[in-house]
file protein-v9.cif (mmCIF, C-alpha atoms)
data_entry
loop_
_atom_site.group_PDB
_atom_site.id
_atom_site.type_symbol
_atom_site.label_atom_id
_atom_site.label_comp_id
_atom_site.auth_asym_id
_atom_site.auth_seq_id
_atom_site.Cartn_x
_atom_site.Cartn_y
_atom_site.Cartn_z
ATOM 1 C CA MET A 1 -33.452 -26.652 114.542
ATOM 2 C CA TRP A 2 -29.978 -25.166 115.030
ATOM 3 C CA CYS A 3 -29.609 -26.058 118.698
ATOM 4 C CA PRO A 4 -29.658 -29.861 118.185
ATOM 5 C CA LEU A 5 -27.267 -29.482 115.261
ATOM 6 C CA ALA A 6 -24.907 -27.317 117.339
ATOM 7 C CA ASN A 7 -25.042 -29.862 120.183
ATOM 8 C CA MET A 8 -24.246 -32.691 117.787
ATOM 9 C CA ILE A 9 -21.280 -30.768 116.360
ATOM 10 C CA ARG A 10 -19.969 -30.055 119.888
ATOM 11 C CA ARG A 11 -20.222 -33.735 120.802
ATOM 12 C CA LEU A 12 -18.447 -34.712 117.595
ATOM 13 C CA ASP A 13 -15.651 -32.222 118.329
ATOM 14 C CA ALA A 14 -15.313 -33.582 121.884
ATOM 15 C CA PHE A 15 -15.170 -37.137 120.517
ATOM 16 C CA ARG A 16 -12.463 -36.170 118.007
ATOM 17 C CA TYR A 17 -10.467 -34.397 120.737
ATOM 18 C CA ARG A 18 -10.665 -37.452 123.011
ATOM 19 C CA ARG A 19 -9.762 -39.747 120.091
ATOM 20 C CA ARG A 20 -6.620 -37.703 119.359
ATOM 21 C CA ILE A 21 -5.548 -38.060 122.993
ATOM 22 C CA ASP A 22 -6.195 -41.815 122.876
ATOM 23 C CA ARG A 23 -4.080 -42.093 119.710
ATOM 24 C CA ALA A 24 -1.249 -40.143 121.349
ATOM 25 C CA LEU A 25 -1.291 -42.613 124.263
ATOM 26 C CA ALA A 26 -1.382 -45.657 121.964
ATOM 27 C CA LEU A 27 2.322 -46.509 121.886
ATOM 28 C CA HIS A 28 1.956 -49.284 119.304
ATOM 29 C CA LEU A 29 1.270 -46.595 116.689
ATOM 30 C CA ARG A 30 4.792 -45.231 117.287
ATOM 31 C CA GLY A 31 6.640 -48.419 116.437
ATOM 32 C CA GLU A 32 6.167 -50.284 119.720
ATOM 33 C CA VAL A 33 5.802 -54.041 119.392
ATOM 34 C CA ARG A 34 3.276 -54.328 122.228
ATOM 35 C CA GLY A 35 -0.275 -53.285 121.411
ATOM 36 C CA ASP A 36 -1.455 -52.249 124.863
ATOM 37 C CA GLY A 37 -0.319 -48.592 125.100
ATOM 38 C CA LEU A 38 -0.936 -46.240 128.007
ATOM 39 C CA THR A 39 -4.254 -46.326 129.861
ATOM 40 C CA PHE A 40 -6.194 -43.067 129.840
ATOM 41 C CA LYS A 41 -7.270 -42.145 133.374
ATOM 42 C CA LYS A 42 -8.071 -38.435 133.641
ATOM 43 C CA MET A 43 -7.393 -35.164 131.827
ATOM 44 C CA SER A 44 -8.080 -31.466 132.177
ATOM 45 C CA THR A 45 -7.541 -28.713 129.644
ATOM 46 C CA HIS A 46 -6.559 -25.311 131.015
ATOM 47 C CA LEU A 47 -6.761 -22.015 129.094
ATOM 48 C CA GLU A 48 -5.008 -18.840 130.254
ATOM 49 C CA ILE A 49 -6.279 -15.647 128.655
ATOM 50 C CA GLU A 50 -6.007 -11.929 129.273
ATOM 51 C CA TRP A 51 -7.556 -8.999 127.470
ATOM 52 C CA MET A 52 -7.850 -5.240 127.642
ATOM 53 C CA ALA A 53 -11.173 -3.883 128.854
ATOM 54 C CA ARG A 54 -12.980 -1.853 126.197
ATOM 55 C CA ASP A 55 -13.479 1.871 126.529
ATOM 56 C CA ILE A 56 -17.018 3.125 126.888
ATOM 57 C CA HIS A 57 -18.925 3.925 123.724
ATOM 58 C CA PRO A 58 -17.877 7.205 122.051
ATOM 59 C CA TRP A 59 -21.361 8.696 122.411
ATOM 60 C CA ASP A 60 -20.966 8.494 126.209
ATOM 61 C CA LEU A 61 -17.710 10.496 126.287
ATOM 62 C CA ASP A 62 -19.580 13.747 127.066
ATOM 63 C CA GLU A 63 -21.052 12.293 130.268
ATOM 64 C CA PRO A 64 -19.733 13.443 133.691
ATOM 65 C CA ALA A 65 -16.691 11.530 135.033
ATOM 66 C CA ASP A 66 -18.706 9.588 137.627
ATOM 67 C CA ARG A 67 -21.217 8.457 135.005
ATOM 68 C CA LYS A 68 -18.433 7.404 132.604
ATOM 69 C CA ALA A 69 -16.765 5.408 135.384
ATOM 70 C CA LEU A 70 -20.057 3.685 136.242
ATOM 71 C CA LEU A 71 -20.641 2.801 132.577
ATOM 72 C CA PHE A 72 -17.091 1.427 132.313
ATOM 73 C CA VAL A 73 -17.526 -0.828 135.371
ATOM 74 C CA GLN A 74 -20.906 -2.137 134.195
ATOM 75 C CA GLN A 75 -19.647 -2.734 130.662
ATOM 76 C CA THR A 76 -16.486 -4.511 131.844
ATOM 77 C CA LEU A 77 -18.432 -6.835 134.142
ATOM 78 C CA THR A 78 -20.932 -7.672 131.388
ATOM 79 C CA ASP A 79 -18.191 -8.159 128.782
ATOM 80 C CA THR A 80 -16.225 -10.454 131.089
ATOM 81 C CA GLU A 81 -19.222 -12.650 131.847
ATOM 82 C CA ALA A 82 -20.126 -12.879 128.150
ATOM 83 C CA ALA A 83 -16.553 -13.723 127.114
ATOM 84 C CA ILE A 84 -16.196 -16.465 129.742
ATOM 85 C CA THR A 85 -19.546 -17.991 128.791
ATOM 86 C CA ARG A 86 -18.617 -17.975 125.103
ATOM 87 C CA LEU A 87 -15.194 -19.486 125.788
ATOM 88 C CA PHE A 88 -16.764 -22.454 127.569
ATOM 89 C CA GLU A 89 -19.437 -22.815 124.859
ATOM 90 C CA THR A 90 -17.011 -22.738 121.931
ATOM 91 C CA LEU A 91 -14.244 -24.781 123.574
ATOM 92 C CA PRO A 92 -16.041 -27.827 124.989
ATOM 93 C CA GLN A 93 -12.746 -29.573 125.795
ATOM 94 C CA THR A 94 -11.645 -26.714 128.096
ATOM 95 C CA ASP A 95 -12.289 -27.428 131.774
ATOM 96 C CA VAL A 96 -10.551 -24.460 133.423
ATOM 97 C CA VAL A 97 -10.098 -20.850 132.255
ATOM 98 C CA SER A 98 -7.729 -18.409 133.987
ATOM 99 C CA VAL A 99 -8.674 -14.816 133.192
ATOM 100 C CA LYS A 100 -6.994 -11.434 133.605
ATOM 101 C CA VAL A 101 -8.738 -8.251 132.525
ATOM 102 C CA LEU A 102 -6.461 -5.241 132.077
ATOM 103 C CA GLU A 103 -7.219 -1.519 132.138
ATOM 104 C CA LYS A 104 -6.044 0.128 128.898
ATOM 105 C CA ALA A 105 -4.523 3.282 130.375
ATOM 106 C CA THR A 106 -2.211 1.606 132.893
ATOM 107 C CA GLU A 107 -2.312 -1.998 131.639
ATOM 108 C CA GLY A 108 -2.939 -2.919 135.273
ATOM 109 C CA VAL A 109 -5.035 -5.932 136.262
ATOM 110 C CA ILE A 110 -8.552 -4.928 137.306
ATOM 111 C CA MET A 111 -10.096 -8.415 137.373
ATOM 112 C CA ALA A 112 -8.522 -11.852 137.653
ATOM 113 C CA GLY A 113 -9.445 -15.378 138.564
ATOM 114 C CA THR A 114 -9.868 -19.003 137.615
ATOM 115 C CA ILE A 115 -13.208 -20.399 136.503
ATOM 116 C CA TYR A 116 -14.053 -24.096 136.407
ATOM 117 C CA ARG A 117 -16.609 -25.433 133.960
ATOM 118 C CA SER A 118 -18.513 -26.949 136.894
ATOM 119 C CA ALA A 119 -19.098 -23.422 138.290
ATOM 120 C CA MET A 120 -20.740 -22.124 135.104
ATOM 121 C CA GLU A 121 -24.361 -22.772 136.084
ATOM 122 C CA PRO A 122 -25.966 -19.308 135.840
ATOM 123 C CA ASP A 123 -27.834 -17.940 138.838
ATOM 124 C CA THR A 124 -29.958 -15.237 137.237
ATOM 125 C CA SER A 125 -31.133 -13.942 140.610
ATOM 126 C CA LEU A 126 -27.624 -12.522 141.260
ATOM 127 C CA SER A 127 -26.085 -9.439 139.693
ATOM 128 C CA VAL A 128 -23.410 -9.847 137.024
ATOM 129 C CA GLY A 129 -20.695 -8.843 139.483
ATOM 130 C CA MET A 130 -21.816 -11.381 142.085
ATOM 131 C CA ARG A 131 -22.079 -14.153 139.470
ATOM 132 C CA LEU A 132 -18.478 -13.447 138.411
ATOM 133 C CA TRP A 133 -17.326 -13.314 142.044
ATOM 134 C CA GLN A 134 -19.093 -16.611 142.794
ATOM 135 C CA ARG A 135 -17.435 -18.264 139.782
ATOM 136 C CA GLY A 136 -13.947 -17.186 140.865
ATOM 137 C CA ILE A 137 -13.275 -13.763 139.280
ATOM 138 C CA LYS A 138 -11.901 -11.391 141.915
ATOM 139 C CA TYR A 139 -12.013 -7.620 141.630
ATOM 140 C CA HIS A 140 -12.402 -4.610 143.880
ATOM 141 C CA SER A 141 -14.960 -1.966 143.007
ATOM 142 C CA ASP A 142 -17.430 0.288 144.732
ATOM 143 C CA GLY A 143 -19.592 0.109 141.619
ATOM 144 C CA LEU A 144 -18.103 3.343 140.321
ATOM 145 C CA TRP A 145 -14.361 2.638 140.041
ATOM 146 C CA PHE A 146 -12.210 -0.456 139.724
ATOM 147 C CA GLU A 147 -9.229 -0.754 142.010
ATOM 148 C CA LEU A 148 -6.175 -2.048 140.187
ATOM 149 C CA ARG A 149 -4.852 -5.333 141.512
ATOM 150 C CA GLY A 150 -1.115 -5.721 142.139
ATOM 151 C CA SER A 151 -1.260 -9.280 140.781
ATOM 152 C CA SER A 152 -3.962 -11.874 140.329
ATOM 153 C CA GLU A 153 -4.142 -12.300 144.109
ATOM 154 C CA GLY A 154 -2.171 -9.381 145.540
ATOM 155 C CA PRO A 155 -3.296 -6.060 147.011
ATOM 156 C CA GLY A 156 -4.650 -3.340 144.782
ATOM 157 C CA VAL A 157 -2.823 -0.244 143.646
ATOM 158 C CA LEU A 158 -4.780 2.916 142.949
ATOM 159 C CA PRO A 159 -4.246 4.604 139.592
ATOM 160 C CA PRO A 160 -2.524 7.997 139.926
ATOM 161 C CA GLN A 161 -5.007 9.811 137.655
ATOM 162 C CA ARG A 162 -7.849 9.687 140.206
ATOM 163 C CA ALA A 163 -8.395 12.576 142.575
ATOM 164 C CA PRO A 164 -8.344 11.908 146.360
ATOM 165 C CA SER A 165 -12.106 12.604 146.577
ATOM 166 C CA GLN A 166 -12.692 9.693 144.204
ATOM 167 C CA ILE A 167 -10.620 7.215 146.211
ATOM 168 C CA ALA A 168 -13.311 5.974 148.553
ATOM 169 C CA LEU A 169 -13.103 2.393 147.360
ATOM 170 C CA HIS A 170 -14.865 -0.460 149.042
ATOM 171 C CA SER A 171 -13.156 -3.817 149.014
ATOM 172 C CA TYR A 172 -15.516 -6.728 149.376
ATOM 173 C CA ALA A 173 -13.754 -9.803 150.676
ATOM 174 C CA MET A 174 -15.261 -12.690 152.607
ATOM 175 C CA GLY A 175 -18.267 -10.601 153.627
ATOM 176 C CA ASN A 176 -16.220 -7.828 155.269
ATOM 177 C CA VAL A 177 -16.200 -4.254 153.982
ATOM 178 C CA ASN A 178 -12.890 -2.400 154.154
ATOM 179 C CA VAL A 179 -12.987 1.301 153.342
ATOM 180 C CA LYS A 180 -9.755 2.846 152.026
ATOM 181 C CA ILE A 181 -9.419 6.617 152.191
#

call {"tool": "encode", "arguments": {"input": "protein-v9.cif", "output": "structure tokens"}}
result
Amino acid sequence: MWCPLANMIRRLDAFRYRRRIDRALALHLRGEVRGDGLTFKKMSTHLEIEWMARDIHPWDLDEPADRKALLFVQQTLTDTEAAITRLFETLPQTDVVSVKVLEKATEGVIMAGTIYRSAMEPDTSLSVGMRLWQRGIKYHSDGLWFELRGSSEGPGVLPPQRAPSQIALHSYAMGNVNVKI
């Protein structure tokens, strides 16, 4: 019942959005004598967004450090996938979303990338992390810790609060595994 109604509302919103663009290109509405206006050819709407990753749930604060780190990584990956999916669902006119996810303590970038609407087909056989990677979100993690990224594409910087024994991070890039010690 609600799904067809939601689809109809989305289509109506997309039609209204397109109509507003057509009206902006219609020069005769702005006092032009000629009635032809500009011809619409192609458009793309780009959204840039960044957010702070949430802390783990307060009832997990008594867990050991490794367990808390694992919960944080899993939660951040799941939250990021859910947020991106919802952005595309609620903003049908948006074609491209650029995302940065920041760590609260250092405000450093832990995940970043650009996702195109055409890459949003879910592949449920992959893990959440691999689905994000395949869609264009880049991050470095060994599953237990995130490595801070210097910029959206630059090399990572390790947070100073981690002990040397915890800095065995694996960077997965183009199928190669680089171990940093």

call {"tool": "atom_distance", "arguments": {"input": "protein-v9.cif", "atom1": "CA of Arg54 in chain A", "atom2": "CA of Tyr139 in chain A"}}
result
16.5 Å

call {"tool": "closest_atom_pairs", "arguments": {"input": "protein-v9.cif", "of": "range 96-127 of chain A", "to": "range 75-91 of chain A", "cutoff": "8 Å", "atoms": "only C-alpha atoms", "output": "Markdown table"}}
result
| residue | atom | partner | partner_atom | distance |
| --- | --- | --- | --- | --- |
| A:Val97 | CA | A:Ile84 | CA | 7.9 |
| A:Val101 | CA | A:Thr80 | CA | 7.9 |
| A:Arg117 | CA | A:Phe88 | CA | 7.1 |
| A:Met120 | CA | A:Thr85 | CA | 7.6 |

call {"tool": "axis_aligned_box", "arguments": {"input": "protein-v9.cif", "around": "range 102-119 of chain A", "padding_each_side": "4 Å", "output": "lines of an AutoDock Vina configuration file"}}
result
center_x = -10.7
center_y = -11.8
center_z = 133.7
size_x = 24.9
size_y = 38.2
size_z = 17.7

call {"tool": "residues_around", "arguments": {"input": "protein-v9.cif", "residues": "Glu50 in chain A", "least_positions_apart": "6", "cutoff": "8 Å", "atoms": "only C-alpha atoms", "output": "VMD selection string"}}
result
chain A and resid 99 to 102

call {"tool": "resolve_selection", "arguments": {"input": "protein-v9.cif", "expression": "the PyMOL selection byres ((chain A and resi 114) around 7)", "output": "list in words"}}
result
Val96, Val97, Ser98, Val99, Gly113, Ile115, Tyr116, Gly136 and Ile137 of chain A

call {"tool": "atom_distance", "arguments": {"input": "protein-v9.cif", "atom1": "CA of Pro122 in chain A", "atom2": "CA of His57 in chain A"}}
result
27.1 Å

call {"tool": "resolve_selection", "arguments": {"input": "protein-v9.cif", "expression": "the PyMOL selection byres ((chain A and resi 46) around 7)", "output": "PyMOL selection string"}}
result
chain A and resi 44-45+47-48+94-97

call {"tool": "resolve_selection", "arguments": {"input": "protein-v9.cif", "expression": "the PyMOL selection byres ((chain A and resi 130) around 12)", "output": "ChimeraX atom specification"}}
result
/A:77-78,81,122-129,131-141,143,172-173

call {"tool": "atom_distance", "arguments": {"input": "protein-v9.cif", "atom1": "CA of Ala24 in chain A", "atom2": "CA of Gln93 in chain A"}}
result
16.2 Å

call {"tool": "closest_residue", "arguments": {"input": "protein-v9.cif", "among": "A:Leu61, A:Glu103, A:Phe15, A:Thr39", "to": "Phe146 in chain A", "atoms": "all atoms listed in the file"}}
result
A:Glu103

call {"tool": "decode", "arguments": {"input": "protein-v9.cif", "residues": "range 44-63 of chain A", "atoms": "N, CA and C atoms", "output": "mmCIF file, in the first residue's frame"}}
result
data_model
loop_
_atom_site.group_PDB
_atom_site.id
_atom_site.type_symbol
_atom_site.label_atom_id
_atom_site.label_comp_id
_atom_site.auth_asym_id
_atom_site.auth_seq_id
_atom_site.Cartn_x
_atom_site.Cartn_y
_atom_site.Cartn_z
ATOM 1 N N SER A 44 23.209 17.057 -13.704
ATOM 2 C CA SER A 44 23.603 16.162 -12.633
ATOM 3 C C SER A 44 23.611 16.975 -11.346
ATOM 4 N N THR A 45 23.064 16.407 -10.300
ATOM 5 C CA THR A 45 23.038 17.081 -9.010
ATOM 6 C C THR A 45 24.016 16.377 -8.088
ATOM 7 N N HIS A 46 24.906 17.151 -7.489
ATOM 8 C CA HIS A 46 25.987 16.632 -6.662
ATOM 9 C C HIS A 46 25.792 17.106 -5.222
ATOM 10 N N LEU A 47 25.886 16.198 -4.264
ATOM 11 C CA LEU A 47 25.778 16.524 -2.849
ATOM 12 C C LEU A 47 27.099 16.192 -2.173
ATOM 13 N N GLU A 48 27.638 17.143 -1.417
ATOM 14 C CA GLU A 48 28.831 16.892 -0.604
ATOM 15 C C GLU A 48 28.391 16.904 0.843
ATOM 16 N N ILE A 49 28.758 15.851 1.577
ATOM 17 C CA ILE A 49 28.326 15.730 2.969
ATOM 18 C C ILE A 49 29.432 15.096 3.785
ATOM 19 N N GLU A 50 29.574 15.555 5.025
ATOM 20 C CA GLU A 50 30.490 14.897 5.952
ATOM 21 C C GLU A 50 29.824 14.834 7.310
ATOM 22 N N TRP A 51 30.156 13.784 8.059
ATOM 23 C CA TRP A 51 29.587 13.631 9.390
ATOM 24 C C TRP A 51 30.600 12.969 10.295
ATOM 25 N N MET A 52 30.327 13.111 11.595
ATOM 26 C CA MET A 52 31.155 12.472 12.621
ATOM 27 C C MET A 52 30.618 11.064 12.869
ATOM 28 N N ALA A 53 31.513 10.105 12.929
ATOM 29 C CA ALA A 53 31.107 8.737 13.252
ATOM 30 C C ALA A 53 30.608 8.699 14.697
ATOM 31 N N ARG A 54 29.580 7.908 14.942
ATOM 32 C CA ARG A 54 29.042 7.795 16.301
ATOM 33 C C ARG A 54 29.967 6.961 17.173
ATOM 34 N N ASP A 55 29.933 7.244 18.458
ATOM 35 C CA ASP A 55 30.624 6.398 19.426
ATOM 36 C C ASP A 55 29.827 5.112 19.591
ATOM 37 N N ILE A 56 30.484 4.094 20.113
ATOM 38 C CA ILE A 56 29.768 2.847 20.369
ATOM 39 C C ILE A 56 28.742 3.071 21.477
ATOM 40 N N HIS A 57 27.828 2.160 21.594
ATOM 41 C CA HIS A 57 26.747 2.297 22.574
ATOM 42 C C HIS A 57 27.330 2.300 23.991
ATOM 43 N N PRO A 58 26.776 3.105 24.882
ATOM 44 C CA PRO A 58 27.310 3.194 26.253
ATOM 45 C C PRO A 58 27.389 1.855 26.983
ATOM 46 N N TRP A 59 26.502 0.910 26.677
ATOM 47 C CA TRP A 59 26.579 -0.359 27.405
ATOM 48 C C TRP A 59 27.776 -1.207 26.958
ATOM 49 N N ASP A 60 28.447 -0.821 25.877
ATOM 50 C CA ASP A 60 29.634 -1.539 25.430
ATOM 51 C C ASP A 60 30.932 -0.896 25.913
ATOM 52 N N LEU A 61 30.855 0.147 26.711
ATOM 53 C CA LEU A 61 32.059 0.863 27.151
ATOM 54 C C LEU A 61 32.928 0.040 28.096
ATOM 55 N N ASP A 62 32.371 -0.990 28.735
ATOM 56 C CA ASP A 62 33.148 -1.827 29.651
ATOM 57 C C ASP A 62 33.880 -2.957 28.932
ATOM 58 N N GLU A 63 33.687 -3.075 27.642
ATOM 59 C CA GLU A 63 34.340 -4.133 26.859
ATOM 60 C C GLU A 63 35.853 -3.849 26.767
#
